file upload_10.tsv (TSV, C-alpha atoms and all ligand atoms)
chain	number	residue	atom	x	y	z
A	1	MET	CA	-346.15	-179.09	94.49
A	2	ALA	CA	-345.09	-181.60	91.87
A	3	ALA	CA	-342.39	-179.36	90.46
A	4	LYS	CA	-340.74	-178.95	93.84
A	5	ARG	CA	-340.79	-182.68	94.45
A	6	ALA	CA	-339.23	-183.25	91.04
A	7	VAL	CA	-336.36	-180.92	91.93
A	8	LYS	CA	-335.59	-182.96	95.00
A	9	ARG	CA	-335.70	-186.27	93.15
A	10	ALA	CA	-333.41	-185.01	90.42
A	11	GLY	CA	-330.71	-184.21	92.96
A	12	ALA	CA	-327.85	-182.23	91.48
A	13	VAL	CA	-325.28	-179.75	92.50
A	14	ASP	CA	-325.71	-177.97	95.79
A	15	SER	CA	-325.42	-174.24	95.69
A	16	LYS	CA	-325.15	-171.36	98.08
A	17	PRO	CA	-327.26	-171.31	101.21
A	18	SER	CA	-330.56	-169.58	100.73
A	19	ALA	CA	-333.93	-169.09	102.29
A	20	SER	CA	-335.36	-172.06	100.42
A	21	ARG	CA	-337.16	-174.71	102.41
A	22	ALA	CA	-334.26	-177.16	102.35
A	23	GLY	CA	-331.71	-174.44	103.05
A	24	LEU	CA	-330.10	-175.08	99.66
A	25	ASP	CA	-330.82	-174.12	96.09
A	26	ARG	CA	-330.31	-176.88	93.60
A	27	LEU	CA	-329.62	-176.96	89.93
A	28	TRP	CA	-332.36	-178.89	88.25
A	29	ALA	CA	-331.09	-180.95	85.34
A	30	PRO	CA	-333.90	-183.23	84.19
A	31	TRP	CA	-332.27	-183.78	80.77
A	32	ARG	CA	-329.63	-185.79	82.60
A	33	MET	CA	-332.12	-188.61	83.05
A	34	GLU	CA	-331.26	-189.68	79.51
A	35	TYR	CA	-327.65	-189.99	80.58
A	36	ILE	CA	-328.52	-191.90	83.72
A	37	ARG	CA	-330.62	-194.37	81.76
A	38	ARG	CA	-327.87	-194.85	79.19
A	39	ALA	CA	-325.27	-195.39	81.88
A	40	ASP	CA	-326.96	-198.65	82.76
A	41	ALA	CA	-326.62	-199.91	79.20
A	42	PRO	CA	-323.58	-202.10	78.39
A	43	THR	CA	-321.93	-199.54	76.16
A	44	GLY	CA	-318.43	-199.77	77.61
A	45	CYS	CA	-316.44	-197.04	79.24
A	46	LEU	CA	-316.80	-193.57	77.71
A	47	PHE	CA	-313.38	-192.40	78.88
A	48	CYS	CA	-311.52	-195.49	77.66
A	49	ARG	CA	-313.18	-195.09	74.29
A	50	VAL	CA	-312.26	-191.42	74.04
A	51	ALA	CA	-308.71	-192.07	75.30
A	52	ALA	CA	-308.17	-194.54	72.47
A	53	THR	CA	-308.93	-191.93	69.81
A	54	SER	CA	-306.97	-188.95	68.56
A	55	GLY	CA	-307.11	-186.20	65.99
A	56	ALA	CA	-309.26	-183.20	65.28
A	57	ARG	CA	-312.25	-185.16	64.03
A	58	ALA	CA	-312.36	-187.36	67.14
A	59	ASP	CA	-311.93	-184.34	69.38
A	60	ALA	CA	-314.88	-182.59	67.73
A	61	ARG	CA	-317.07	-185.70	67.88
A	62	ASP	CA	-316.33	-186.42	71.53
A	63	LEU	CA	-316.07	-182.77	72.61
A	64	VAL	CA	-312.47	-183.17	73.76
A	65	LEU	CA	-310.78	-179.90	74.68
A	66	ALA	CA	-307.27	-181.04	75.58
A	67	ARG	CA	-305.22	-184.20	75.85
A	68	THR	CA	-302.02	-184.94	77.72
A	69	PRO	CA	-300.22	-188.30	77.75
A	70	HIS	CA	-302.15	-189.40	80.85
A	71	ALA	CA	-305.31	-187.28	81.04
A	72	LEU	CA	-308.19	-185.75	79.07
A	73	LEU	CA	-310.29	-182.62	79.33
A	74	MET	CA	-313.71	-182.76	77.67
A	75	LEU	CA	-317.20	-181.34	77.78
A	76	ASN	CA	-320.01	-183.21	79.47
A	77	ARG	CA	-322.61	-184.00	76.84
A	78	TYR	CA	-325.38	-183.88	79.48
A	79	PRO	CA	-324.42	-180.77	81.40
A	80	TYR	CA	-325.79	-179.45	84.65
A	81	ASN	CA	-324.88	-175.99	83.38
A	82	PRO	CA	-323.31	-174.64	80.20
A	83	ALA	CA	-319.61	-175.48	79.85
A	84	HIS	CA	-319.79	-178.37	82.32
A	85	LEU	CA	-316.33	-179.95	81.94
A	86	MET	CA	-314.76	-183.25	82.92
A	87	VAL	CA	-311.14	-184.15	83.55
A	88	ALA	CA	-310.40	-187.88	83.30
A	89	ILE	CA	-307.38	-190.05	83.67
A	90	ARG	CA	-306.66	-191.89	80.40
A	91	ARG	CA	-306.10	-195.25	82.05
A	92	HIS	CA	-309.07	-197.16	83.44
A	93	ALA	CA	-308.35	-196.47	87.10
A	94	ALA	CA	-311.04	-195.89	89.68
A	95	GLN	CA	-309.42	-194.04	92.57
A	96	PHE	CA	-306.65	-191.59	93.30
A	97	HIS	CA	-304.46	-194.10	95.12
A	98	GLU	CA	-304.15	-196.05	91.87
A	99	LEU	CA	-302.56	-193.13	90.03
A	100	ASP	CA	-298.83	-192.64	89.71
A	101	ALA	CA	-297.24	-189.23	90.15
A	102	ALA	CA	-297.35	-188.27	86.46
A	103	GLU	CA	-301.02	-189.20	86.15
A	104	GLY	CA	-301.98	-187.28	89.25
A	105	ALA	CA	-300.02	-184.25	88.12
A	106	GLN	CA	-301.67	-184.24	84.71
A	107	VAL	CA	-305.17	-184.52	86.15
A	108	LEU	CA	-304.40	-181.46	88.26
A	109	ALA	CA	-302.77	-179.63	85.33
A	110	LEU	CA	-305.83	-180.14	83.14
A	111	THR	CA	-308.09	-179.07	85.99
A	112	ALA	CA	-306.08	-175.86	86.21
A	113	LEU	CA	-306.29	-175.44	82.45
A	114	ALA	CA	-310.06	-175.90	82.63
A	115	GLU	CA	-310.31	-173.25	85.33
A	116	CYS	CA	-308.38	-170.78	83.20
A	117	ALA	CA	-310.37	-171.47	80.06
A	118	LEU	CA	-313.68	-171.12	81.89
A	119	ALA	CA	-312.54	-167.89	83.51
A	120	ALA	CA	-311.34	-166.45	80.22
A	121	GLU	CA	-314.36	-167.36	78.13
A	122	TYR	CA	-317.34	-167.59	80.50
A	123	ALA	CA	-316.29	-165.67	83.62
A	124	PRO	CA	-318.32	-167.82	86.01
A	125	HIS	CA	-318.98	-166.49	89.50
A	126	GLY	CA	-317.97	-169.85	90.94
A	127	VAL	CA	-317.30	-173.46	90.02
A	128	ASN	CA	-318.57	-176.67	91.60
A	129	TYR	CA	-315.94	-179.42	91.57
A	130	GLY	CA	-317.45	-182.87	91.74
A	131	LEU	CA	-315.95	-186.29	92.18
A	132	ASN	CA	-318.22	-189.32	92.35
A	133	VAL	CA	-316.36	-192.52	93.16
A	134	GLY	CA	-318.51	-195.63	92.95
A	135	LYS	CA	-321.94	-196.09	91.49
A	136	VAL	CA	-323.70	-195.53	94.79
A	137	ALA	CA	-321.99	-192.12	94.93
A	138	GLY	CA	-323.48	-191.18	91.59
A	139	ALA	CA	-320.69	-192.01	89.15
A	140	GLY	CA	-322.00	-192.63	85.63
A	141	PHE	CA	-318.79	-194.53	84.83
A	142	PRO	CA	-317.83	-195.78	88.28
A	143	GLY	CA	-314.66	-197.62	87.28
A	144	HIS	CA	-312.99	-194.64	85.64
A	145	LEU	CA	-311.86	-191.69	87.71
A	146	HIS	CA	-313.10	-188.33	86.43
A	147	LEU	CA	-313.58	-184.90	87.94
A	148	HIS	CA	-316.49	-182.59	87.07
A	149	LEU	CA	-316.24	-178.81	86.87
A	150	VAL	CA	-319.64	-177.12	86.77
A	151	PRO	CA	-319.43	-173.35	86.28
A	152	ARG	CA	-321.91	-171.34	88.29
A	153	TRP	CA	-323.38	-167.88	87.90
A	154	ASN	CA	-325.33	-165.89	90.42
A	155	GLY	CA	-328.96	-166.76	90.01
A	156	ASP	CA	-328.40	-169.81	87.82
A	157	THR	CA	-330.64	-171.93	90.00
A	158	ASN	CA	-333.47	-169.71	88.84
A	159	PHE	CA	-332.94	-170.37	85.12
A	160	MET	CA	-336.28	-171.13	83.63
A	161	PRO	CA	-337.40	-174.26	85.11
A	162	THR	CA	-338.93	-175.98	82.44
A	163	VAL	CA	-341.43	-176.66	79.92
A	164	ALA	CA	-342.11	-180.29	79.16
A	165	GLY	CA	-339.12	-181.50	81.14
A	166	THR	CA	-336.50	-179.69	79.14
A	167	ARG	CA	-334.31	-176.72	79.76
A	168	VAL	CA	-333.10	-174.18	77.28
A	169	LEU	CA	-329.34	-173.92	77.41
A	170	PRO	CA	-327.90	-170.68	76.08
A	171	GLU	CA	-325.77	-172.27	73.37
A	172	SER	CA	-325.06	-175.56	71.64
A	173	LEU	CA	-322.41	-178.00	72.85
A	174	THR	CA	-320.56	-177.52	69.57
A	175	ARG	CA	-320.43	-173.78	70.13
A	176	THR	CA	-319.24	-174.22	73.71
A	177	TRP	CA	-316.56	-176.65	72.53
A	178	SER	CA	-315.38	-174.23	69.87
A	179	ARG	CA	-315.23	-171.29	72.27
A	180	LEU	CA	-313.27	-173.21	74.87
A	181	ARG	CA	-310.83	-174.65	72.32
A	182	LYS	CA	-310.04	-171.12	71.22
A	183	ALA	CA	-309.75	-169.93	74.80
A	184	ILE	CA	-307.31	-172.74	75.60
A	185	ALA	CA	-305.24	-171.98	72.51
A	186	ALA	CA	-305.01	-168.36	73.60
A	187	LEU	CA	-303.86	-169.14	77.13
A	188	PRO	CA	-300.20	-168.58	77.97
A	189	ALA	CA	-298.76	-172.07	77.41
A	190	ALA	CA	-296.17	-171.88	80.14
A	191	LYS	CA	-298.53	-171.03	82.98
A	192	PRO	CA	-301.96	-172.50	82.54
A	193	ALA	CA	-302.38	-173.02	86.27
A	194	ALA	CA	-302.73	-169.64	87.86
A	195	PRO	CA	-302.94	-166.50	85.74
A	196	THR	CA	-304.02	-164.42	88.70
A	197	ARG	CA	-300.95	-165.28	90.75
A	198	LYS	CA	-298.40	-163.08	89.10
A	199	ALA	CA	-295.76	-163.87	91.69
A	200	ALA	CA	-295.74	-167.53	90.65
A	201	ALA	CA	-294.70	-166.63	87.13
A	202	LYS	CA	-291.65	-164.73	88.36
A	203	PRO	CA	-289.41	-167.05	90.39
A	204	ARG	CA	-287.46	-165.33	93.08
A	205	ASP	CA	-283.70	-165.61	93.03
A	206	PRO	CA	-282.94	-167.75	96.09
A	207	HIS	CA	-279.54	-166.07	96.51
A	208	ARG	CA	-280.96	-162.61	96.95
A	209	GLY	CA	-282.27	-161.28	100.19
A	210	THR	CA	-285.82	-160.02	100.50
A	301	ZN	ZN	-312.42	-196.62	81.42
call {"tool": "encode", "arguments": {"input": "upload_10.tsv", "output": "structure tokens"}}
result
Amino acid sequence: MAAKRAVKRAGAVDSKPSASRAGLDRLWAPWRMEYIRRADAPTGCLFCRVAATSGARADARDLVLARTPHALLMLNRYPYNPAHLMVAIRRHAAQFHELDAAEGAQVLALTALAECALAAEYAPHGVNYGLNVGKVAGAGFPGHLHLHLVPRWNGDTNFMPTVAGTRVLPESLTRTWSRLRKAIAALPAAKPAAPTRKAAAKPRDPHRGT
């Protein structure tokens, strides 16, 4: 069937094992073809452009959710699923071994922040973490390291496959951006990394016995 073949060509994010023919369900994201075509155009590096901006207006335009001195958290404008996020290093660096300790720590800190915001606002059943290094591996901006977080819900591979090559997402990007900005602002500032690990927030006195 043509539709099934199209799913395979589109590739995407692997999901849980199932009884499907290939043994895997796949998210079908045909709207991303626009992104893939654009990525070949000489438009410069998205992340360098966004890193060079600041302020509320720029954040709204570029769907930026959080900035630290060395990293960015933003929405993907061509999402595989609603609230598809990206964490990028600010500097144009391609691989982890090029990062210094502060950069690596901030990429991880924003990834943790993204997890918390997604959990608080969208309660996904799971999250796919994706890292594509190099164009052959699927990176849209292969010279600039960035991590994808794609929230997943049970049954999301069955979302309405498509009429005329499009997919109806449940809300606008602007709405998603607004919801996640509020969720981030409401998170406890001192412990964005692990709200479920209560023990981590209460350091143990090393001089006391257990
Ligand atoms: Zn760049």
call {"tool": "closest_atom_pairs", "arguments": {"input": "upload_10.tsv", "of": "chain A", "to": "ligand ZN 301 (chain A)", "cutoff": "6 Å", "atoms": "only C-alpha atoms and all ligand atoms", "output": "Markdown table"}}
result
| residue | atom | partner | partner_atom | distance |
| --- | --- | --- | --- | --- |
| A:Cys45 | CA | A:ZN301 | ZN | 4.6 |
| A:Phe47 | CA | A:ZN301 | ZN | 5.0 |
| A:Cys48 | CA | A:ZN301 | ZN | 4.0 |
| A:His92 | CA | A:ZN301 | ZN | 3.9 |
| A:His144 | CA | A:ZN301 | ZN | 4.7 |
call {"tool": "residues_around", "arguments": {"input": "upload_10.tsv", "residues": "A:Glu98", "least_positions_apart": "4", "cutoff": "12 Å", "atoms": "all atoms listed in the file", "output": "PyMOL selection string"}}
result
chain A and resi 89+91-94+102-104+143-145
call {"tool": "write_last_selection", "arguments": {"input": "upload_10.tsv", "atoms": "C-alpha atoms", "output": "tab-separated table (two decimals), in the frame of the given file"}}
result
chain	number	residue	atom	x	y	z
A	89	ILE	CA	-307.38	-190.05	83.67
A	91	ARG	CA	-306.10	-195.25	82.05
A	92	HIS	CA	-309.07	-197.16	83.44
A	93	ALA	CA	-308.35	-196.47	87.10
A	94	ALA	CA	-311.04	-195.89	89.68
A	102	ALA	CA	-297.35	-188.27	86.46
A	103	GLU	CA	-301.02	-189.20	86.15
A	104	GLY	CA	-301.98	-187.28	89.25
A	143	GLY	CA	-314.66	-197.62	87.28
A	144	HIS	CA	-312.99	-194.64	85.64
A	145	LEU	CA	-311.86	-191.69	87.71
call {"tool": "atom_distance", "arguments": {"input": "upload_10.tsv", "atom1": "atom CA of A:Leu173", "atom2": "atom CA of A:Ala189"}}
result
24.8 Å
call {"tool": "atom_distance", "arguments": {"input": "upload_10.tsv", "atom1": "atom CA of A:Lys135", "atom2": "atom CA of A:Leu63"}}
result
23.8 Å
call {"tool": "closest_residue", "arguments": {"input": "upload_10.tsv", "among": "A:Ala185, A:Leu149, A:Val136, A:Leu180", "to": "A:Ala88", "atoms": "all atoms listed in the file"}}
result
A:Leu149
call {"tool": "atom_distance", "arguments": {"input": "upload_10.tsv", "atom1": "atom CA of A:Ala101", "atom2": "atom CA of A:Ala66"}}
result
19.5 Å
call {"tool": "residues_around", "arguments": {"input": "upload_10.tsv", "residues": "A:Ala71", "least_positions_apart": "2", "cutoff": "8 Å", "atoms": "only C-alpha atoms", "output": "PDB file with C-alpha atoms, in the coordinates of the input"}}
result
ATOM      1  CA  ARG A  67    -305.220-184.200  75.850  1.00  0.00           C
ATOM      2  CA  THR A  68    -302.020-184.940  77.720  1.00  0.00           C
ATOM      3  CA  PRO A  69    -300.220-188.300  77.750  1.00  0.00           C
ATOM      4  CA  LEU A  73    -310.290-182.620  79.330  1.00  0.00           C
ATOM      5  CA  VAL A  87    -311.140-184.150  83.550  1.00  0.00           C
ATOM      6  CA  ALA A  88    -310.400-187.880  83.300  1.00  0.00           C
ATOM      7  CA  ILE A  89    -307.380-190.050  83.670  1.00  0.00           C
ATOM      8  CA  ARG A  90    -306.660-191.890  80.400  1.00  0.00           C
ATOM      9  CA  GLU A 103    -301.020-189.200  86.150  1.00  0.00           C
ATOM     10  CA  GLN A 106    -301.670-184.240  84.710  1.00  0.00           C
ATOM     11  CA  VAL A 107    -305.170-184.520  86.150  1.00  0.00           C
ATOM     12  CA  LEU A 110    -305.830-180.140  83.140  1.00  0.00           C
TER      13      LEU A 110
END
call {"tool": "closest_residue", "arguments": {"input": "upload_10.tsv", "among": "A:Leu46, A:Asn81, A:Leu108, A:Arg181", "to": "A:Phe96", "atoms": "only C-alpha atoms"}}
result
A:Leu108
call {"tool": "axis_aligned_box", "arguments": {"input": "upload_10.tsv", "around": "stretch 76-94 of chain A", "padding_each_side": "6 Å", "output": "JSON"}}
result
{"center_x": -315.9, "center_y": -185.9, "center_z": 83.3, "size_x": 31.7, "size_y": 34.5, "size_z": 24.8}
call {"tool": "residues_near_point", "arguments": {"input": "upload_10.tsv", "point": "(-313.3, -170.1, 77.9)", "cutoff": "9 Å", "atoms": "only C-alpha atoms", "output": "list of chain:residue names"}}
result
A:Ala83, A:Ala114, A:Glu115, A:Cys116, A:Ala117, A:Leu118, A:Ala119, A:Ala120, A:Glu121, A:Tyr122, A:Ala123, A:Thr176, A:Arg179, A:Leu180, A:Arg181, A:Lys182, A:Ala183, A:Ile184
call {"tool": "closest_residue", "arguments": {"input": "upload_10.tsv", "among": "A:Val64, A:His125, A:Val50, A:Gly130", "to": "A:His146", "atoms": "all atoms listed in the file"}}
result
A:Gly130
call {"tool": "residues_around", "arguments": {"input": "upload_10.tsv", "residues": "A:Gly126", "least_positions_apart": "4", "cutoff": "8 Å", "atoms": "only C-alpha atoms", "output": "ChimeraX atom specification"}}
result
/A:151-153
call {"tool": "decode", "arguments": {"input": "upload_10.tsv", "residues": "stretch 85-112 of chain A", "atoms": "N, CA and C atoms", "output": "short mmCIF file (atom, residue, chain, number, x, y, z; two decimals), in the first residue's frame"}}
result
data_model
loop_
_atom_site.label_atom_id
_atom_site.label_comp_id
_atom_site.auth_asym_id
_atom_site.auth_seq_id
_atom_site.Cartn_x
_atom_site.Cartn_y
_atom_site.Cartn_z
N LEU A 85 11.14 19.39 21.57
CA LEU A 85 12.10 20.40 22.02
C LEU A 85 13.50 20.11 21.52
N MET A 86 14.33 21.15 21.53
CA MET A 86 15.74 20.98 21.18
C MET A 86 16.60 21.74 22.18
N VAL A 87 17.68 21.10 22.59
CA VAL A 87 18.68 21.75 23.43
C VAL A 87 19.94 21.89 22.59
N ALA A 88 20.45 23.11 22.46
CA ALA A 88 21.64 23.34 21.62
C ALA A 88 22.70 24.07 22.41
N ILE A 89 23.93 23.76 22.09
CA ILE A 89 25.04 24.56 22.59
C ILE A 89 25.00 25.90 21.87
N ARG A 90 25.39 26.98 22.53
CA ARG A 90 25.37 28.29 21.86
C ARG A 90 26.47 28.41 20.81
N ARG A 91 27.62 27.88 21.13
CA ARG A 91 28.76 27.99 20.22
C ARG A 91 28.60 27.00 19.08
N HIS A 92 29.14 27.34 17.92
CA HIS A 92 29.04 26.45 16.77
C HIS A 92 30.06 25.32 16.93
N ALA A 93 29.66 24.30 17.67
CA ALA A 93 30.50 23.13 17.89
C ALA A 93 29.70 21.90 17.49
N ALA A 94 30.38 20.93 16.91
CA ALA A 94 29.66 19.83 16.28
C ALA A 94 29.54 18.58 17.15
N GLN A 95 30.48 18.38 18.07
CA GLN A 95 30.49 17.12 18.81
C GLN A 95 30.81 17.36 20.28
N PHE A 96 30.46 16.37 21.09
CA PHE A 96 30.62 16.52 22.53
C PHE A 96 32.07 16.75 22.95
N HIS A 97 33.01 16.14 22.26
CA HIS A 97 34.40 16.28 22.70
C HIS A 97 34.92 17.71 22.51
N GLU A 98 34.17 18.52 21.77
CA GLU A 98 34.58 19.92 21.58
C GLU A 98 34.08 20.83 22.70
N LEU A 99 33.21 20.33 23.55
CA LEU A 99 32.63 21.16 24.59
C LEU A 99 33.54 21.21 25.82
N ASP A 100 33.55 22.36 26.49
CA ASP A 100 34.25 22.40 27.77
C ASP A 100 33.25 22.00 28.86
N ALA A 101 33.73 21.96 30.09
CA ALA A 101 32.91 21.42 31.17
C ALA A 101 31.65 22.25 31.40
N ALA A 102 31.77 23.58 31.32
CA ALA A 102 30.61 24.44 31.57
C ALA A 102 29.56 24.25 30.47
N GLU A 103 30.00 24.13 29.24
CA GLU A 103 29.06 23.92 28.13
C GLU A 103 28.34 22.59 28.28
N GLY A 104 29.10 21.55 28.56
CA GLY A 104 28.47 20.24 28.72
C GLY A 104 27.47 20.24 29.86
N ALA A 105 27.84 20.89 30.96
CA ALA A 105 26.95 20.92 32.12
C ALA A 105 25.66 21.67 31.79
N GLN A 106 25.78 22.73 31.01
CA GLN A 106 24.57 23.52 30.72
C GLN A 106 23.67 22.82 29.71
N VAL A 107 24.24 22.08 28.80
CA VAL A 107 23.41 21.27 27.90
C VAL A 107 22.60 20.26 28.72
N LEU A 108 23.27 19.62 29.67
CA LEU A 108 22.56 18.65 30.51
C LEU A 108 21.53 19.34 31.40
N ALA A 109 21.87 20.51 31.93
CA ALA A 109 20.94 21.22 32.82
C ALA A 109 19.68 21.62 32.05
N LEU A 110 19.84 22.09 30.82
CA LEU A 110 18.65 22.47 30.05
C LEU A 110 17.86 21.23 29.61
N THR A 111 18.54 20.13 29.40
CA THR A 111 17.82 18.88 29.09
C THR A 111 16.97 18.48 30.29
N ALA A 112 17.53 18.61 31.47
CA ALA A 112 16.77 18.30 32.69
C ALA A 112 15.60 19.26 32.86
#
